[in-house]
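Colleague: Got a structure for you, final-v4.txt, holding compact mmCIF, C-alpha atoms.
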# COMPACT_ATOMS: atom_id res chain seq x y z
CA MET A 148 -10.28 11.17 -8.42
CA ASN A 149 -8.19 13.57 -6.32
CA ASP A 150 -8.43 11.30 -3.30
CA LEU A 151 -7.30 8.18 -5.17
CA PRO A 152 -3.90 8.06 -3.41
CA GLN A 153 -5.70 8.26 -0.03
CA GLN A 154 -8.10 5.48 -1.01
CA ILE A 155 -5.22 3.25 -2.16
CA GLY A 156 -3.30 4.05 1.02
CA CYS A 157 -6.27 3.08 3.19
CA LEU A 158 -6.56 -0.23 1.34
CA VAL A 159 -2.83 -0.94 1.72
CA ARG A 160 -3.12 -0.26 5.47
CA LYS A 161 -6.27 -2.40 5.76
CA TYR A 162 -4.73 -5.45 4.09
CA ARG A 163 -1.44 -4.98 5.95
CA THR A 164 -3.12 -4.81 9.35
CA ASP A 165 -5.54 -7.64 8.50
CA LYS A 166 -2.49 -9.81 7.86
CA LYS A 167 -0.82 -8.52 11.04
CA ILE A 168 2.24 -7.25 9.18
CA SER A 169 4.07 -4.21 10.53
CA GLN A 170 4.87 -1.26 8.31
CA GLU A 171 8.54 -1.99 8.80
CA LYS A 172 8.22 -5.62 7.69
CA LEU A 173 6.09 -4.79 4.64
CA ALA A 174 8.51 -2.06 3.64
CA LEU A 175 11.44 -4.44 3.98
CA LEU A 176 9.72 -7.12 1.90
CA CYS A 177 8.83 -4.52 -0.77
CA ASN A 178 12.35 -3.07 -0.73
CA ILE A 179 11.16 0.44 0.18
CA ASP A 180 11.82 2.73 3.12
CA ARG A 181 9.37 2.44 6.01
CA SER A 182 8.73 6.17 5.95
CA TYR A 183 7.82 5.93 2.26
CA LEU A 184 5.33 3.17 3.05
CA GLY A 185 3.84 5.45 5.70
CA ARG A 186 3.48 8.19 3.09
CA ILE A 187 1.78 5.67 0.76
CA GLU A 188 -0.68 4.68 3.48
CA ARG A 189 -1.46 8.34 4.25
CA GLY A 190 -2.03 9.02 0.54
CA GLU A 191 0.76 11.56 0.34
CA VAL A 192 2.40 10.04 -2.75
CA ASN A 193 1.29 8.62 -6.06
CA ILE A 194 2.80 5.17 -6.36
CA THR A 195 3.65 3.46 -9.61
CA VAL A 196 1.72 0.50 -10.94
CA ILE A 197 4.88 -1.56 -10.45
CA LYS A 198 5.07 -0.65 -6.75
CA LEU A 199 1.33 -1.32 -6.33
CA CYS A 200 1.86 -4.79 -7.83
CA GLU A 201 4.87 -5.46 -5.58
CA ILE A 202 2.89 -4.50 -2.46
CA ALA A 203 -0.04 -6.67 -3.57
CA SER A 204 2.29 -9.61 -4.22
CA VAL A 205 3.83 -9.37 -0.75
CA LEU A 206 0.34 -9.15 0.77
CA SER A 207 -0.74 -12.18 -1.32
CA ILE A 208 -3.60 -10.30 -2.93
CA SER A 209 -4.47 -9.16 -6.42
CA PRO A 210 -3.35 -5.66 -7.41
CA LYS A 211 -6.98 -4.85 -8.19
CA ASP A 212 -7.75 -5.36 -4.48
CA LEU A 213 -5.73 -2.20 -3.79
CA LEU A 214 -7.82 -0.14 -6.21
CA PRO A 215 -11.06 1.37 -4.96
CA ASP A 216 -14.31 0.96 -6.83
CA LEU A 217 -14.69 4.07 -8.93
Now, as a test, write the supplied structure out as structure tokens.
Modeller:
Amino acid sequence: MNDLPQQIGCLVRKYRTDKKISQEKLALLCNIDRSYLGRIERGEVNITVIKLCEIASVLSISPKDLLPDL
């Protein structure tokens, strides 16, 4: 469970790059700083459920898609 932030971050990056969205654009659409989004993608921070849902909404996916199979 310790690597959960890293797993979520990898999934955020995967869906973002699959949709060809830059970190800067996703951060802007989610109303967060680009450097914070980078920290999310590297698994350096624990994001809130609210922020996870906002990111999923912008990426047009379900929030559960950003959660790894445990």
Colleague: Just to confirm, what's the straight-line distance from atom CA of Ile202 of chain A to atom CA of Leu158 of chain A in Å (one decimal)?
Modeller: 11.0 Å
Colleague: Expressed in Å to a single decimal, how great is the separation between atom CA of Ile194 of chain A and atom CA of Asp165 of chain A?
Modeller: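 About the pair atom CA of Ile194 of chain A and atom CA of Asp165 of chain A: they are 21.3 Å apart.
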Colleague: Between atom CA of Arg181 of chain A and atom CA of Asn149 of chain A, what is the distance in Å, rounded to a tenth?
Modeller: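 Atom-to-atom, atom CA of Arg181 of chain A and atom CA of Asn149 of chain A are spaced 24.2 Å apart.
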Colleague: Assuming 5 Å of padding per side, give the centre and edge lengths of the axis-aligned box around every listed atom of segment 166-184 of chain A, in Å to one decimal and as lines of an AutoDock Vina configuration file.
Modeller:
center_x = 4.9
center_y = -1.8
center_z = 5.1
size_x = 24.8
size_y = 26.0
size_z = 21.8
Colleague: Given the choices A:Ile208, A:Ile197, A:Val159, A:Leu214, which gets closest to Leu173 of chain A if the distance is worked out from only C-alpha atoms?
Modeller: A:Val159
Colleague: Using all atoms listed in the file, find the one residue out of A:Leu176, A:Ile187, A:Gly156, A:Asp150 that sits nearest to Glu201 of chain A.
Modeller: A:Leu176
Colleague: For Ile168 of chain A, please output as a list in words all residues within 12 Å (counting only C-alpha atoms; exclusion window: fewer than 6 positions along the same chain).
Modeller: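 Once the adjacent positions are removed, what remains is Val159, Arg160, Lys161, Tyr162, Ala174, Leu175, Leu176, Ile202, Val205, Leu206 and Ser207 of chain A.
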Colleague: Excluding same-chain residues fewer than 2 positions from Gly190 of chain A, what lies within 10 Å of it counting all atoms listed in the file, as a count of residues only?
Modeller: 16
Colleague: Hey, which of A:Arg163, A:Lys172, A:Cys177, A:Asp212 ends up closest to Lys198 of chain A? Count only C-alpha atoms.
Modeller: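 Residue with the minimum atom-to-atom distance to Lys198 of chain A: A:Cys177.
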Colleague: Please write segment 170-194 of chain A of the preceding block to a file containing C-alpha atoms, as a PDB file, in the first residue's frame?
Modeller:
ATOM      1  CA  GLN A 170       0.893  18.513 -17.899  1.00  0.00           C
ATOM      2  CA  GLU A 171       0.415  22.259 -18.128  1.00  0.00           C
ATOM      3  CA  LYS A 172      -2.993  21.966 -19.816  1.00  0.00           C
ATOM      4  CA  LEU A 173      -4.264  19.292 -17.411  1.00  0.00           C
ATOM      5  CA  ALA A 174      -3.084  21.337 -14.446  1.00  0.00           C
ATOM      6  CA  LEU A 175      -4.830  24.423 -15.801  1.00  0.00           C
ATOM      7  CA  LEU A 176      -8.080  22.528 -16.382  1.00  0.00           C
ATOM      8  CA  CYS A 177      -7.873  21.045 -12.854  1.00  0.00           C
ATOM      9  CA  ASN A 178      -7.032  24.426 -11.326  1.00  0.00           C
ATOM     10  CA  ILE A 179      -3.742  23.207  -9.826  1.00  0.00           C
ATOM     11  CA  ASP A 180      -0.126  24.218 -10.312  1.00  0.00           C
ATOM     12  CA  ARG A 181       1.773  22.324 -13.008  1.00  0.00           C
ATOM     13  CA  SER A 182       4.537  21.470 -10.572  1.00  0.00           C
ATOM     14  CA  TYR A 183       1.953  19.952  -8.215  1.00  0.00           C
ATOM     15  CA  LEU A 184       0.620  17.807 -11.057  1.00  0.00           C
ATOM     16  CA  GLY A 185       4.192  16.660 -11.694  1.00  0.00           C
ATOM     17  CA  ARG A 186       4.495  15.692  -8.034  1.00  0.00           C
ATOM     18  CA  ILE A 187       1.199  13.764  -8.310  1.00  0.00           C
ATOM     19  CA  GLU A 188       2.459  11.877 -11.358  1.00  0.00           C
ATOM     20  CA  ARG A 189       5.736  11.026  -9.592  1.00  0.00           C
ATOM     21  CA  GLY A 190       3.802   9.785  -6.553  1.00  0.00           C
ATOM     22  CA  GLU A 191       5.350  12.344  -4.232  1.00  0.00           C
ATOM     23  CA  VAL A 192       2.041  13.513  -2.742  1.00  0.00           C
ATOM     24  CA  ASN A 193      -1.146  11.941  -1.483  1.00  0.00           C
ATOM     25  CA  ILE A 194      -4.006  13.577  -3.330  1.00  0.00           C
TER      26      ILE A 194
END
